[in-house]
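input.cif, holding mmCIF, C-alpha atoms:
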data_start
#
loop_
_atom_site.label_atom_id
_atom_site.label_comp_id
_atom_site.auth_asym_id
_atom_site.auth_seq_id
_atom_site.Cartn_x
_atom_site.Cartn_y
_atom_site.Cartn_z
CA MET A 1 0.00 0.00 0.00
CA TYR A 2 1.42 3.35 -1.11
CA VAL A 3 1.45 5.93 1.70
CA VAL A 4 1.33 9.66 0.99
CA PHE A 5 1.86 12.40 3.53
CA LEU A 6 -0.19 15.37 2.31
CA ALA A 7 0.75 18.80 3.66
CA GLY A 8 0.03 22.44 2.93
CA GLY A 9 -0.55 25.72 4.69
CA ILE A 10 -3.94 26.89 5.90
CA ALA A 11 -6.41 27.46 3.01
CA SER A 12 -3.90 26.10 0.48
CA GLY A 13 -6.34 23.50 -0.86
CA LYS A 14 -5.00 20.48 1.06
CA SER A 15 -8.47 19.24 2.05
CA THR A 16 -9.64 19.53 -1.56
CA VAL A 17 -6.72 17.41 -2.73
CA ALA A 18 -7.38 14.85 0.01
CA HIS A 19 -11.01 14.65 -1.09
CA GLU A 20 -10.01 14.16 -4.73
CA LEU A 21 -7.63 11.37 -3.75
CA GLU A 22 -10.38 9.76 -1.71
CA LEU A 23 -12.70 9.87 -4.71
CA ALA A 24 -9.98 8.20 -6.78
CA GLY A 25 -9.84 5.34 -4.29
CA ALA A 26 -7.38 6.35 -1.58
CA ARG A 27 -7.95 5.67 2.11
CA ARG A 28 -7.93 8.99 3.97
CA ILE A 29 -6.41 9.44 7.44
CA ASP A 30 -6.49 12.70 9.39
CA LEU A 31 -3.47 13.01 11.66
CA ASP A 32 -5.32 15.59 13.76
CA GLN A 33 -7.95 12.96 14.55
CA LEU A 34 -5.27 10.47 15.60
CA SER A 35 -3.70 13.09 17.86
CA ARG A 36 -7.07 13.50 19.57
CA GLN A 37 -7.40 9.74 19.99
CA VAL A 38 -4.14 9.41 21.93
CA LEU A 39 -5.48 11.99 24.40
CA GLU A 40 -8.79 10.28 25.07
CA PRO A 41 -9.67 9.56 28.73
CA GLY A 42 -7.57 6.85 30.35
CA THR A 43 -4.92 6.46 27.64
CA PRO A 44 -1.28 6.19 28.76
CA THR A 45 -0.53 9.41 26.88
CA THR A 46 -3.29 11.32 28.66
CA LEU A 47 -2.05 10.12 32.03
CA ALA A 48 1.55 11.01 31.14
CA VAL A 49 0.46 14.51 30.10
CA ALA A 50 -1.41 14.94 33.37
CA ASP A 51 1.63 13.80 35.34
CA ALA A 52 3.79 16.32 33.51
CA PHE A 53 1.44 19.31 33.45
CA GLY A 54 -0.88 18.79 36.40
CA ARG A 55 -3.48 16.25 37.49
CA ASP A 56 -6.03 19.06 37.68
CA LEU A 57 -6.13 18.88 33.88
CA LEU A 58 -8.31 15.77 34.21
CA ASP A 59 -12.03 15.95 34.86
CA PRO A 60 -12.51 13.95 38.08
CA THR A 61 -15.67 12.30 36.72
CA THR A 62 -14.96 11.63 33.05
CA GLY A 63 -11.18 11.71 32.92
CA MET A 64 -11.42 14.13 30.01
CA LEU A 65 -8.40 16.34 29.45
CA ASN A 66 -8.92 20.10 29.69
CA ARG A 67 -7.27 20.95 26.39
CA GLY A 68 -7.58 24.69 26.83
CA LEU A 69 -5.75 24.66 30.14
CA LEU A 70 -3.18 22.24 28.76
CA ALA A 71 -2.51 24.57 25.83
CA ARG A 72 -1.96 27.52 28.15
CA ARG A 73 0.54 25.56 30.22
CA ALA A 74 2.28 23.72 27.39
CA PHE A 75 2.78 26.76 25.21
CA ALA A 76 3.87 29.05 28.01
CA SER A 77 7.48 28.36 27.05
CA PRO A 78 9.45 26.57 24.32
CA GLU A 79 10.64 24.05 26.91
CA ALA A 80 7.09 23.15 27.96
CA ALA A 81 5.99 22.82 24.34
CA ALA A 82 8.92 20.51 23.63
CA GLN A 83 8.01 18.45 26.69
CA LEU A 84 4.44 17.99 25.41
CA GLU A 85 5.67 16.98 21.97
CA ALA A 86 8.04 14.45 23.50
CA ILE A 87 5.06 12.81 25.21
CA GLU A 88 2.56 13.03 22.34
CA LEU A 89 4.51 12.38 19.16
CA PRO A 90 5.73 8.83 19.89
CA ALA A 91 2.15 7.81 20.70
CA ILE A 92 0.79 9.46 17.56
CA THR A 93 3.51 7.83 15.44
CA GLN A 94 2.70 4.39 16.85
CA LEU A 95 -1.03 4.88 16.33
CA LEU A 96 -0.44 5.99 12.73
CA ALA A 97 1.79 2.96 12.09
CA ASN A 98 -0.89 0.66 13.53
CA THR A 99 -3.63 2.36 11.50
CA LEU A 100 -1.63 2.02 8.27
CA ASP A 101 -0.85 -1.62 9.03
CA GLU A 102 -4.53 -2.37 9.60
CA ALA A 103 -5.47 -0.62 6.36
CA ALA A 104 -2.85 -2.59 4.42
CA HIS A 105 -4.02 -5.94 5.74
CA ASP A 106 -7.78 -5.65 5.81
CA GLY A 107 -9.94 -7.39 3.25
CA ASN A 108 -10.33 -4.32 1.08
CA ALA A 109 -6.90 -2.73 1.24
CA PRO A 110 -6.58 0.39 -0.92
CA ALA A 111 -3.72 0.92 -3.36
CA CYS A 112 -2.98 4.25 -1.69
CA CYS A 113 -3.46 5.80 1.71
CA VAL A 114 -3.28 9.58 2.13
CA VAL A 115 -2.37 11.01 5.54
CA GLU A 116 -3.38 14.64 6.05
CA VAL A 117 -0.55 16.25 7.99
CA PRO A 118 -1.34 19.60 9.63
CA LEU A 119 2.27 20.59 10.43
CA LEU A 120 4.89 18.74 8.40
CA ASP A 121 7.80 20.10 10.45
CA ARG A 122 6.46 18.36 13.57
CA VAL A 123 6.23 14.87 12.06
CA GLN A 124 9.65 14.37 10.55
CA ASP A 125 10.18 11.37 12.84
CA MET A 126 7.24 9.75 11.05
CA ASP A 127 8.80 10.22 7.62
CA GLN A 128 9.84 6.56 7.40
CA LEU A 129 6.16 5.63 7.17
CA ALA A 130 5.63 7.56 3.92
CA ASP A 131 6.46 6.67 0.33
CA GLU A 132 5.95 10.25 -0.84
CA VAL A 133 5.40 13.72 0.61
CA VAL A 134 2.98 15.81 -1.45
CA VAL A 135 2.65 19.52 -0.69
CA VAL A 136 -0.14 21.80 -1.90
CA CYS A 137 0.96 25.40 -2.44
CA ALA A 138 -1.11 28.48 -3.24
CA PRO A 139 -0.38 32.22 -3.34
CA MET A 140 -0.62 33.73 0.13
CA ALA A 141 -3.03 36.48 -0.94
CA GLU A 142 -5.44 33.91 -2.38
CA ARG A 143 -5.19 31.77 0.74
CA ARG A 144 -6.06 34.76 2.91
CA VAL A 145 -9.10 35.58 0.79
CA ARG A 146 -10.30 31.97 0.94
CA ALA A 147 -9.88 31.79 4.70
CA ILE A 148 -11.77 35.02 5.29
CA ALA A 149 -14.53 33.88 2.92
CA ARG A 150 -14.94 30.80 5.14
CA GLY A 151 -15.46 33.01 8.16
CA MET A 152 -11.95 33.27 9.59
CA ASP A 153 -10.79 36.61 10.92
CA GLY A 154 -7.90 38.06 8.93
CA ASN A 155 -5.76 38.58 12.02
CA ASP A 156 -6.39 34.97 13.06
CA PHE A 157 -5.25 33.82 9.62
CA ASP A 158 -2.06 35.87 9.89
CA ALA A 159 -1.33 34.48 13.36
CA ARG A 160 -1.84 30.89 12.23
CA VAL A 161 0.36 31.34 9.18
CA ALA A 162 3.10 32.73 11.40
CA ASN A 163 3.06 29.49 13.41
CA GLN A 164 3.12 27.18 10.40
CA PRO A 165 6.06 26.11 8.21
CA SER A 166 6.64 28.57 5.38
CA ASP A 167 5.88 27.60 1.80
CA GLU A 168 9.62 27.72 1.14
CA TRP A 169 10.22 25.16 3.90
CA LEU A 170 7.39 22.95 2.64
CA ARG A 171 8.67 23.07 -0.93
CA ALA A 172 12.14 22.08 0.24
CA HIS A 173 10.77 19.02 2.04
CA ALA A 174 8.33 17.87 -0.64
CA ASP A 175 8.72 15.05 -3.13
CA THR A 176 5.87 16.49 -5.21
CA ILE A 177 4.40 20.01 -5.27
CA LEU A 178 0.85 20.67 -6.47
CA GLU A 179 0.50 24.32 -7.46
CA ASN A 180 -3.00 25.50 -6.57
CA ASP A 181 -2.84 28.82 -8.38
CA GLY A 182 -5.65 28.27 -10.85
CA THR A 183 -9.23 26.98 -10.88
CA ALA A 184 -10.66 24.14 -8.82
CA GLU A 185 -10.90 22.03 -11.96
CA GLU A 186 -7.22 22.63 -12.73
CA LEU A 187 -6.31 21.41 -9.24
CA SER A 188 -8.52 18.34 -9.68
CA SER A 189 -6.79 17.65 -12.99
CA LEU A 190 -3.38 17.80 -11.31
CA VAL A 191 -4.53 15.28 -8.72
CA ARG A 192 -5.93 12.94 -11.35
CA CYS A 193 -2.68 13.13 -13.33
CA TRP A 194 -0.69 12.39 -10.18
CA TRP A 195 -2.87 9.37 -9.44
CA ALA A 196 -2.62 8.04 -12.99
CA SER A 197 1.16 8.35 -13.02
CA ARG A 198 1.61 6.48 -9.72
CA GLU A 199 -0.89 3.83 -10.76
CA ALA A 200 0.92 3.34 -14.07
CA ALA A 201 4.22 2.96 -12.20
CA GLY A 202 2.73 0.29 -9.95
CA TRP A 203 2.78 2.42 -6.80
CA PRO A 204 6.57 2.21 -6.23
CA ALA A 205 7.58 2.18 -2.57
CA ARG A 206 10.17 4.65 -1.33
CA LYS A 207 13.67 3.17 -1.37
CA GLY A 208 14.82 2.11 2.05
CA LYS A 209 11.33 2.10 3.51
#

Kindly transcribe the structure held in the file into structure tokens.
Amino acid sequence: MYVVFLAGGIASGKSTVAHELELAGARRIDLDQLSRQVLEPGTPTTLAVADAFGRDLLDPTTGMLNRGLLARRAFASPEAAAQLEAIELPAITQLLANTLDEAAHDGNAPACCVVEVPLLDRVQDMDQLADEVVVVCAPMAERRVRAIARGMDGNDFDARVANQPSDEWLRAHADTILENDGTAEELSSLVRCWWASREAAGWPARKGK
């Protein structure tokens, strides 16, 4: 099973590309959803986070993690943020590996699995799981217009962009770049061409994987 890590900045068109790949036959995995799963009540990761950042983060009845309070504590300093990542990322990596293994060995295994990656710079330790990194890029001005049209405040967009990898960084770490600087149909055509080329090549695995 061919595994693609799909990345792109906010409002770049990443979700559109993921949807197109799903329509073509890919299995779609949202890494954000997996990161939420490892912090469900009672998981070892949740308990480790509570030990590190305070047991008062846990609801005494449900065991639910107070994510807002955790964010305030974890992002109060670079050291605290690094501590949280050191707890979370190994668990997320293992869950992703397990999810991919299950997808590859079920009775209806897809030829391709696309993993939507919110922040590519934070998952470099997971790179060995991917056969290809695909990045969607779009002009910043167009991305801002799209985000605002969806209801996002312009200042919020600017703040989020400032905390994401730059397009230059993403391009430098991509195997394939999809330029989303035209119409929606043009982007869909790029995705279909990408799919056809990998299918024709027999979905070649990354060397050394």

Item to check | range 179-190 of chain A surroundings by only C-alpha atoms, 7 Å radius, close-in-sequence under 5 positions cut, as a PyMOL selection string | outcome: chain A and resi 13+20+136-139

For range 81-98 of chain A, work out the shell of residues within 9 Å, counting only C-alpha atoms and skipping chain neighbours fewer than 5 positions away, then give it as a short mmCIF file (atom, residue, chain, number, x, y, z; two decimals) with C-alpha atoms, keeping the file's coordinate frame.
data_model
loop_
_atom_site.label_atom_id
_atom_site.label_comp_id
_atom_site.auth_asym_id
_atom_site.auth_seq_id
_atom_site.Cartn_x
_atom_site.Cartn_y
_atom_site.Cartn_z
CA ILE A 29 -6.41 9.44 7.44
CA LEU A 31 -3.47 13.01 11.66
CA LEU A 34 -5.27 10.47 15.60
CA SER A 35 -3.70 13.09 17.86
CA GLN A 37 -7.40 9.74 19.99
CA VAL A 38 -4.14 9.41 21.93
CA LEU A 39 -5.48 11.99 24.40
CA PRO A 44 -1.28 6.19 28.76
CA THR A 45 -0.53 9.41 26.88
CA THR A 46 -3.29 11.32 28.66
CA ALA A 48 1.55 11.01 31.14
CA VAL A 49 0.46 14.51 30.10
CA ALA A 52 3.79 16.32 33.51
CA PHE A 53 1.44 19.31 33.45
CA ALA A 71 -2.51 24.57 25.83
CA ARG A 73 0.54 25.56 30.22
CA ALA A 74 2.28 23.72 27.39
CA PHE A 75 2.78 26.76 25.21
CA ALA A 76 3.87 29.05 28.01
CA ALA A 103 -5.47 -0.62 6.36
CA VAL A 115 -2.37 11.01 5.54
CA ARG A 122 6.46 18.36 13.57
CA VAL A 123 6.23 14.87 12.06
CA ASP A 125 10.18 11.37 12.84
CA MET A 126 7.24 9.75 11.05
CA LEU A 129 6.16 5.63 7.17
#

Next on the checklist: So the first atom is CA of Leu70 in chain A and the second is CA of Gln164 in chain A; what is the distance between them in Å, to one decimal place?
Outcome noted: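 Computed distance, CA of Leu70 in chain A to CA of Gln164 in chain A, equals 20.0 Å.
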
Checklist entry - How far is it from CA of Asp156 in chain A to CA of Gly9 in chain A, in Å with one decimal? => result 13.8 Å

Next on the checklist: So the first atom is CA of Val114 in chain A and the second is CA of Asp30 in chain A; what is the distance between them in Å, to one decimal place?
Outcome noted: 8.5 Å

Checklist entry - Can you list what the PyMOL selection byres ((chain A and resi 158) around 12) grabs from this structure, as a list in words? => result Gly9, Ile10, Ala11, Met140, Ala141, Arg143, Arg144, Val145, Ala147, Ile148, Met152, Asp153, Gly154, Asn155, Asp156, Phe157, Ala159, Arg160, Val161, Ala162, Asn163 and Gln164 of chain A

Is it possible to get the axis-aligned box enclosing range 101-109 of chain A (all listed atoms, 3 Å extra per side) as AutoDock Vina command-line options, with centre and edge lengths in Å rounded to one decimal?
--center_x -5.6 --center_y -4.0 --center_z 5.3 --size_x 15.5 --size_y 12.8 --size_z 14.5
